[in-house]
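Participant: Please see the structure below; I have some questions.
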Amino acid sequence: MRSDAIKKGVDRAPARAMLRAVGLSDEDFGKPLIGVANTWIEVMPCNIHLRRLSEQVKAGIRASGGVPIEFNTISVSDGISMGTEGMKCSLVSREVVADSIELVARGHLFDGVVALSGCDKTIPGTVMALARLNVPGLMIYGGSIAAGRFQGRDVTIQDVFEAVGACSAGKMSVAELTELERRACPGPGACGGQFTANTMSTAMELLGISPMGFNSIPAMDPEKDKAAFEAGQLVMKLVKEGLTPRQILTREAFENAIAGVVATGGSTNGVLHLLALAREAGVKLAIDDFDGVSARTPIWADMKPWGHFTAPDMHRAGGIRLIAKRLLDAGLLKKNARTVTGRTIGEEAATARETPGQQVVKPLEKPVKKSGGLVILHGNLSPEGCVLKVAGEDRLLFKGPARVFDCEEDAFAAVKARKIKRGDVVVIRYEGPKGGPGMREMLAVTAAIVGEGLGDSVALLTDGRFSGATHGLMAGHVAPEAAVGGPIAAVKNGDTITFDVKKRRLDVNLSPAELKLRLRKWKAPSPRYKTGVMARYAKLVSSASEGAILQ
C-alpha cells in the first residue's frame, strides 16, 4: 500500500503516534487509508448537505475494510456571486479545489480517494485532482435541488434571474419577484436545470469517473445516501483491483462525455472544463472536437434553461443511463470505454430502464434536434474559437451593430436602463481568464435581456463565460481575449458583427488592414489585481480555448 510509507516500520513511530491521536488503531495501520475529499460549505445549497453524504461514504469504506480520512476544500457559489466582483473568484476556485485535494492526498500518501462535489467548479476541480493523483478513486455529485413552485409551475434559480429583467421592464411587480425569490430554492442541492452543475454531473457519468446512476439522484432523495455508501464500497474495490483514473479517462471516454453534454443541451462550460480535465489526464482534446461530436449527436433531452424539464425530472424518467442508452442505440457511444463500476459504459447503458410515459427524453427516432447543443465558431473576431449554445435557438444568421462594454457591470446597467434595442449585438470584453481575471459568467446580463423580452432579437458575445442557465444567441469564451490584444479589443460601437452558425463564423465587418491598425493602437489595461491569488492567476492562466488551465 502507498500509505505503508507513513505507517509501517520502526522509523514511522512518530507518525503512528500522531495518527493514534486522531483515532487510528493498531488494526487500522494494516488497512488502506482512503481520503474523502469533501467540498462542503455553508454558503450555498449546492454543497450544504455534503457532510451527510460524506458520513455514508465513510461508512461504506469502513464496511469494506478501509480507513476513511475526511478533509475539506473550498467552493465559491456562482449563483450568489453572479454579477459582482466576487464572481471572478469562481473559475479560480476550480484550480484551488484541484490543488488542495492533490496536496492533501499526496502529502499523506492515501491509497484511494472519493471526492464529493456540488456546485459547478467543484465537479471538474475534484476530477482534475483525481487525474493528477492517479490513485484509485471516483467522484460522486451531491445531486440536484428540487424544483420550486410559483404560480402553479416549477421554477428554478434561472427564473429568478430572468425575473429581475422582467421587473425592470415593468412586466413583474417587486412583490411577485420577492415571492418567486422565496420559492425558487426549496432546500439543498445544485441548481435544478441542465445548467453547469448538472451538465458536468452528466459528463462525469458518461466519462466513467462517477458510477453510472449515482450522480443524477436528487440531493434529498433517500437513495442518495445509499449511493454514497456504495461509493465508499466501490473505492475499496478499485483499490484492490488497482484501477486508476487515467485508465478510465481516455480519448473515447471524453468523446462520450461530450456526447452527453450536447445530447442534453448542456452548458457551454462543459467545453472549458472538459478541455482542462483532458489536459490533466494527458488526453489530446481540442476545442473543435466539440463541434465534431455535436454535429453528429442529436439532442434528446428537453431540459431547462431552453426546454421544459429539470434534473430531478430526468432522474425520474430514467436518469443519465437513459441518455447513454439513446447514444448506444444510435451508434454514437464508444461502448467499450471503462467505468469505475468495473463495467463498460456500453454495459451500463444496456441496463437503462425508461419510465413509461416519460416526456423528458425523446424517442430515438424523434429527437428535439438532429444535431447537438453546442457549436464552435471561428472568424476574425475569434481566431482561436468561441462557444455558442444552439439548444433551443433557431437563429442561424444574425447581423447587427455592436454595443460595446468593457465590463459586465456597465452592460448590466445598460440593460436595466433599457438602452439595449432589438437588433443589437452586445459585446462584453476584458472579462476573460486574464482580463477579469477569472472569466466571470454573464447570467445577470443574459437573463435580464431575456426577462425584458429581447432574448429573440439581441445577440451577445464575450470573452467571459455564460452560466448554464443562459440561453439565446450568446457566444462565450471568445479567444484570444481582449486583455491579451485579441480582435475583440478592437471592436467599436456601431461596428457590424455577424453570427453565421452554418458557416461556423463570428466576424466584425472590418478589413484586415483596419483591424490590424486598430490593434496596433491598442494598449493593454493595467492589471486589476496587483497581489494575491487573483494576480497570480492572471499571470499563469492560459486561453479559454485551452480550458483556462494554469501554465
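We name chains A, B, ... following the order of the C-alpha cells; residues begin at 1 in each chain, and ligands are numbered from 1 as shown.
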Could you make a table, as CSV, of the residues of stretch 388-460 of chain A that have an atom within 8 Å of an atom of stretch 264-278 of chain A, each with its nearest atom pair and distance in Å to one decimal, counting only C-alpha atoms, in chain and number order?
Facilitator:
```
residue,atom,partner,partner_atom,distance
A:Leu388,CA,A:Thr268,CA,7.1
A:Lys389,CA,A:Thr268,CA,6.3
A:Ala391,CA,A:Gly265,CA,5.3
```
Participant: Okay, now the selection with N, CA, C and O atoms, as a compact mmCIF listing (two decimals), in the first residue's frame?
Facilitator:
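Result file result-v7.txt:
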```txt
# COMPACT_ATOMS: atom_id res chain seq x y z
N LEU A 388 -20.84 28.57 -28.74
CA LEU A 388 -22.22 29.04 -28.85
C LEU A 388 -23.16 27.88 -28.55
O LEU A 388 -23.02 26.80 -29.13
N LYS A 389 -24.10 28.09 -27.63
CA LYS A 389 -25.10 27.06 -27.34
C LYS A 389 -26.31 27.28 -28.24
O LYS A 389 -26.94 28.33 -28.19
N ALA A 391 -28.89 24.93 -28.48
CA ALA A 391 -30.07 24.23 -27.98
C ALA A 391 -31.17 25.26 -27.74
O ALA A 391 -30.97 26.24 -27.02
```
Participant: Nearest to A:Gly346 among A:Leu206, A:Ala535, A:Leu460, A:Val404, with distances taken over only C-alpha atoms: which residue is it?
Facilitator: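 Of A:Leu206, A:Ala535, A:Leu460, A:Val404, the one nearest A:Gly346 is A:Leu206, counting only C-alpha atoms.
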Participant: Select, from A:Gly292, A:Gly189, A:Gly66, A:Pro401, the residue with the minimum atom-to-atom distance to A:Val239, counting only C-alpha atoms.
Facilitator: A:Gly66
Participant: Taking into account only C-alpha atoms, which residue in the set A:Ile157, A:Val375, A:Ile6, A:Met82 is nearest to A:Ala295?
Facilitator: A:Val375
Participant: List as an NGL selection string the protein and nucleic acid residues near A:Ala5, meaning an atom at most 10 Å away when only C-alpha atoms are counted, but skip any in the same chain fewer than 5 places from it.
Facilitator: :A and (12 or 108-109)
Participant: Write the residues of the preceding selection, restricted to C-alpha atoms, as a PDB file, in the first residue's frame.
Facilitator:
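Once everything was written out, this is again_21.pdb:
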```
ATOM      1  CA  ARG A  12       7.389   5.662  11.455  1.00  0.00           C
ATOM      2  CA  HIS A 108      -0.488  11.746   3.302  1.00  0.00           C
ATOM      3  CA  LEU A 109       0.027   9.036   0.671  1.00  0.00           C
TER       4      LEU A 109
END
```
Participant: Which is closer to A:Met139 than all the others in A:Val340, A:Leu103, A:Cys191, A:Val174, using only C-alpha atoms?
Facilitator: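 Answer, going by the shortest atom-to-atom distance: A:Val340.
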Participant: I'd like the neighbourhood of stretch 22-26 of chain A as a PyMOL selection string, where a residue qualifies if any of its atoms comes within 12 Å (using only C-alpha atoms), though same-chain residues fewer than 3 positions away should be ignored.
Facilitator: chain A and resi 7-8+13+15-19+29-33+66-70
Participant: Go ahead and dump the residues you just picked, all heavy atoms, as a tab-separated table (two decimals), in the first residue's frame.
Facilitator:
```tsv
chain	number	residue	atom	x	y	z
A	7	LYS	N	3.12	4.63	7.68
A	7	LYS	CA	2.58	3.96	8.86
A	7	LYS	C	3.23	2.62	9.19
A	7	LYS	O	2.83	1.98	10.17
A	7	LYS	CB	1.06	3.80	8.73
A	7	LYS	CG	0.57	3.03	7.52
A	7	LYS	CD	-0.97	3.08	7.46
A	7	LYS	CE	-1.55	2.49	6.19
A	7	LYS	NZ	-1.27	1.10	5.96
A	8	LYS	N	4.22	2.20	8.45
A	8	LYS	CA	4.86	0.90	8.72
A	8	LYS	C	6.35	1.08	9.04
A	8	LYS	O	7.03	1.91	8.44
A	8	LYS	CB	4.72	-0.02	7.50
A	8	LYS	CG	3.30	-0.50	7.21
A	8	LYS	CD	2.83	-1.52	8.23
A	8	LYS	CE	1.44	-2.05	7.92
A	8	LYS	NZ	1.42	-2.94	6.74
A	13	ALA	N	7.26	5.45	13.88
A	13	ALA	CA	6.60	5.55	15.18
A	13	ALA	C	6.06	6.95	15.46
A	13	ALA	O	4.93	7.09	15.98
A	13	ALA	CB	7.56	5.12	16.29
A	15	ALA	N	4.92	9.16	13.33
A	15	ALA	CA	3.72	9.33	12.51
A	15	ALA	C	2.55	8.55	13.10
A	15	ALA	O	1.42	9.04	13.18
A	15	ALA	CB	3.99	8.89	11.07
A	16	ARG	N	2.82	7.30	13.53
A	16	ARG	CA	1.76	6.49	14.11
A	16	ARG	C	1.26	7.12	15.40
A	16	ARG	O	0.05	7.08	15.70
A	16	ARG	CB	2.25	5.06	14.36
A	16	ARG	CG	2.42	4.24	13.09
A	16	ARG	CD	2.58	2.75	13.41
A	16	ARG	NE	3.75	2.48	14.22
A	16	ARG	CZ	4.98	2.29	13.75
A	16	ARG	NH1	5.19	2.33	12.44
A	16	ARG	NH2	5.99	2.04	14.56
A	17	ALA	N	2.15	7.70	16.17
A	17	ALA	CA	1.73	8.36	17.41
A	17	ALA	C	0.72	9.46	17.12
A	17	ALA	O	-0.29	9.61	17.83
A	17	ALA	CB	2.95	8.94	18.14
A	18	MET	N	0.95	10.23	16.07
A	18	MET	CA	0.03	11.31	15.72
A	18	MET	C	-1.27	10.76	15.14
A	18	MET	O	-2.36	11.29	15.42
A	18	MET	CB	0.70	12.26	14.74
A	18	MET	CG	1.93	12.96	15.31
A	18	MET	SD	2.61	14.24	14.24
A	18	MET	CE	1.42	15.54	14.50
A	19	LEU	N	-1.16	9.68	14.37
A	19	LEU	CA	-2.37	9.08	13.81
A	19	LEU	C	-3.23	8.44	14.91
A	19	LEU	O	-4.46	8.43	14.82
A	19	LEU	CB	-2.00	8.04	12.75
A	19	LEU	CG	-1.43	8.62	11.44
A	19	LEU	CD1	-0.85	7.51	10.58
A	19	LEU	CD2	-2.51	9.37	10.67
A	29	PHE	N	-3.67	0.38	11.06
A	29	PHE	CA	-2.39	0.56	10.38
A	29	PHE	C	-2.13	-0.53	9.32
A	29	PHE	O	-1.23	-0.40	8.51
A	29	PHE	CB	-1.24	0.58	11.40
A	29	PHE	CG	-1.29	1.77	12.31
A	29	PHE	CD1	-1.07	1.63	13.68
A	29	PHE	CD2	-1.57	3.04	11.80
A	29	PHE	CE1	-1.11	2.72	14.52
A	29	PHE	CE2	-1.61	4.13	12.64
A	29	PHE	CZ	-1.39	3.99	14.00
A	30	GLY	N	-2.92	-1.58	9.34
A	30	GLY	CA	-2.80	-2.62	8.32
A	30	GLY	C	-3.81	-2.47	7.19
A	30	GLY	O	-3.88	-3.34	6.32
A	31	LYS	N	-4.59	-1.37	7.20
A	31	LYS	CA	-5.63	-1.17	6.20
A	31	LYS	C	-5.28	0.00	5.27
A	31	LYS	O	-4.51	0.88	5.63
A	31	LYS	CB	-6.97	-0.88	6.89
A	31	LYS	CG	-7.48	-1.99	7.79
A	31	LYS	CD	-8.77	-1.56	8.49
A	31	LYS	CE	-9.31	-2.64	9.41
A	31	LYS	NZ	-10.55	-2.18	10.12
A	32	PRO	N	-5.91	0.03	4.08
A	32	PRO	CA	-5.72	1.17	3.18
A	32	PRO	C	-6.29	2.45	3.79
A	32	PRO	O	-7.35	2.44	4.43
A	32	PRO	CB	-6.49	0.78	1.92
A	32	PRO	CG	-6.65	-0.70	2.00
A	32	PRO	CD	-6.74	-1.03	3.46
A	33	LEU	N	-5.59	3.57	3.59
A	33	LEU	CA	-6.08	4.88	4.00
A	33	LEU	C	-6.76	5.53	2.80
A	33	LEU	O	-6.13	5.72	1.75
A	33	LEU	CB	-4.95	5.77	4.50
A	33	LEU	CG	-4.13	5.27	5.69
A	33	LEU	CD1	-3.13	6.34	6.13
A	33	LEU	CD2	-5.02	4.86	6.86
A	66	GLY	N	-11.52	-0.46	4.80
A	66	GLY	CA	-10.63	0.68	4.67
A	66	GLY	C	-10.74	1.64	5.84
A	66	GLY	O	-11.65	1.51	6.67
A	67	VAL	N	-9.83	2.59	5.89
A	67	VAL	CA	-9.85	3.63	6.92
A	67	VAL	C	-10.11	4.97	6.22
A	67	VAL	O	-9.24	5.49	5.52
A	67	VAL	CB	-8.51	3.69	7.68
A	67	VAL	CG1	-8.55	4.81	8.72
A	67	VAL	CG2	-8.20	2.36	8.35
A	68	PRO	N	-11.32	5.54	6.38
A	68	PRO	CA	-11.62	6.81	5.73
A	68	PRO	C	-11.01	7.99	6.50
A	68	PRO	O	-11.04	8.01	7.73
A	68	PRO	CB	-13.14	6.87	5.77
A	68	PRO	CG	-13.52	6.09	6.99
A	68	PRO	CD	-12.48	5.01	7.13
A	69	ILE	N	-10.46	8.92	5.77
A	69	ILE	CA	-9.92	10.15	6.37
A	69	ILE	C	-10.50	11.33	5.60
A	69	ILE	O	-10.12	11.59	4.46
A	69	ILE	CB	-8.39	10.18	6.35
A	69	ILE	CG1	-7.84	8.99	7.15
A	69	ILE	CG2	-7.87	11.50	6.90
A	69	ILE	CD1	-6.33	8.90	7.17
A	70	GLU	N	-11.43	12.02	6.22
A	70	GLU	CA	-12.13	13.12	5.55
A	70	GLU	C	-11.34	14.42	5.67
A	70	GLU	O	-10.76	14.72	6.71
A	70	GLU	CB	-13.52	13.30	6.14
A	70	GLU	CG	-14.36	14.36	5.42
A	70	GLU	CD	-15.77	14.48	5.98
A	70	GLU	OE1	-16.07	13.78	6.98
A	70	GLU	OE2	-16.56	15.26	5.43
```
Participant: Counting only C-alpha atoms, what is within 10 Å of A:Glu85, bar same-chain residues fewer than 2 positions away, as a ChimeraX atom specification?
Facilitator: /A:81-83,87-89,408-409,436-438,440
Participant: Need to verify the contact set: A:Leu540, 8 Å, only C-alpha atoms, exclusion of same-chain residues closer than 3 positions in sequence. Can you return it as a list of chain:residue names?
Facilitator: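 Counting only C-alpha atoms, the residues come to A:Arg536, A:Tyr537, A:Leu550, A:Gln551.
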Participant: Restricted to C-alpha atoms, what would the selected residues look like written as a compact mmCIF listing (two decimals), in the first residue's frame?
Facilitator:
```txt
# COMPACT_ATOMS: atom_id res chain seq x y z
CA ARG A 536 -1.01 35.03 -9.72
CA TYR A 537 -3.92 33.52 -11.62
CA LEU A 550 -2.72 27.28 -15.21
CA GLN A 551 0.56 27.04 -17.06
```
Participant: So which bits of stretch 320-491 of chain A end up strand (DSSP E or B) when you DSSP the backbone, as number ranges by chain?
Facilitator: A: 338, 344, 361, 369, 374-378, 385-389, 397-405, 425-428, 441, 459-462, 465, 474-479
Participant: So that I can check the secondary structure, give me every residue of stretch 167-326 of chain A assigned alpha helix (DSSP H) by backbone DSSP, as a PyMOL selection string.
Facilitator: chain A and resi 167-168+174-183+196-207+222-241+245-248+251-263+269-281+287-296+311-317+319-326
Participant: Excluding A:Val361 and residues on its chain fewer than 3 positions from it, collect all residues at most 8 Å away from it, counting only C-alpha atoms, and give them as a PyMOL selection string.
Facilitator: chain A and resi 300-302+314+317+322-323+358
Participant: Given the selection you just returned, output its residues as a file containing N, CA, C and O atoms, formatted as an mmCIF file, in the first residue's frame.
Facilitator:
```cif
data_model
loop_
_atom_site.group_PDB
_atom_site.id
_atom_site.type_symbol
_atom_site.label_atom_id
_atom_site.label_comp_id
_atom_site.auth_asym_id
_atom_site.auth_seq_id
_atom_site.Cartn_x
_atom_site.Cartn_y
_atom_site.Cartn_z
ATOM 1 N N TRP A 300 -31.640 14.845 -27.343
ATOM 2 C CA TRP A 300 -32.798 14.039 -26.953
ATOM 3 C C TRP A 300 -33.509 14.569 -25.702
ATOM 4 O O TRP A 300 -34.687 14.299 -25.512
ATOM 5 N N ALA A 301 -32.815 15.317 -24.876
ATOM 6 C CA ALA A 301 -33.398 15.744 -23.606
ATOM 7 C C ALA A 301 -33.997 17.141 -23.720
ATOM 8 O O ALA A 301 -33.337 18.067 -24.193
ATOM 9 N N ASP A 302 -35.214 17.291 -23.288
ATOM 10 C CA ASP A 302 -35.935 18.568 -23.333
ATOM 11 C C ASP A 302 -35.827 19.226 -21.958
ATOM 12 O O ASP A 302 -36.707 19.099 -21.119
ATOM 13 N N MET A 314 -35.415 14.386 -15.062
ATOM 14 C CA MET A 314 -34.563 13.471 -15.820
ATOM 15 C C MET A 314 -34.322 12.179 -15.027
ATOM 16 O O MET A 314 -34.392 11.069 -15.572
ATOM 17 N N ALA A 317 -37.264 10.000 -15.146
ATOM 18 C CA ALA A 317 -37.507 9.456 -16.487
ATOM 19 C C ALA A 317 -36.636 8.246 -16.798
ATOM 20 O O ALA A 317 -36.973 7.445 -17.680
ATOM 21 N N LEU A 322 -30.327 6.549 -19.278
ATOM 22 C CA LEU A 322 -31.231 6.551 -20.434
ATOM 23 C C LEU A 322 -30.627 7.347 -21.598
ATOM 24 O O LEU A 322 -30.771 6.966 -22.761
ATOM 25 N N ILE A 323 -29.943 8.447 -21.278
ATOM 26 C CA ILE A 323 -29.239 9.195 -22.321
ATOM 27 C C ILE A 323 -28.136 8.326 -22.940
ATOM 28 O O ILE A 323 -27.953 8.284 -24.163
ATOM 29 N N GLN A 358 -42.774 8.788 -19.881
ATOM 30 C CA GLN A 358 -41.936 9.953 -19.576
ATOM 31 C C GLN A 358 -41.818 10.862 -20.805
ATOM 32 O O GLN A 358 -41.822 10.401 -21.945
#
```
Participant: Restricting the calculation to only C-alpha atoms, which member of A:Leu234, A:Ala479, A:Met303, A:Ala469 is positioned closest to A:Val160?
Facilitator: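 For A:Val160, the nearest of the candidates is A:Ala469.
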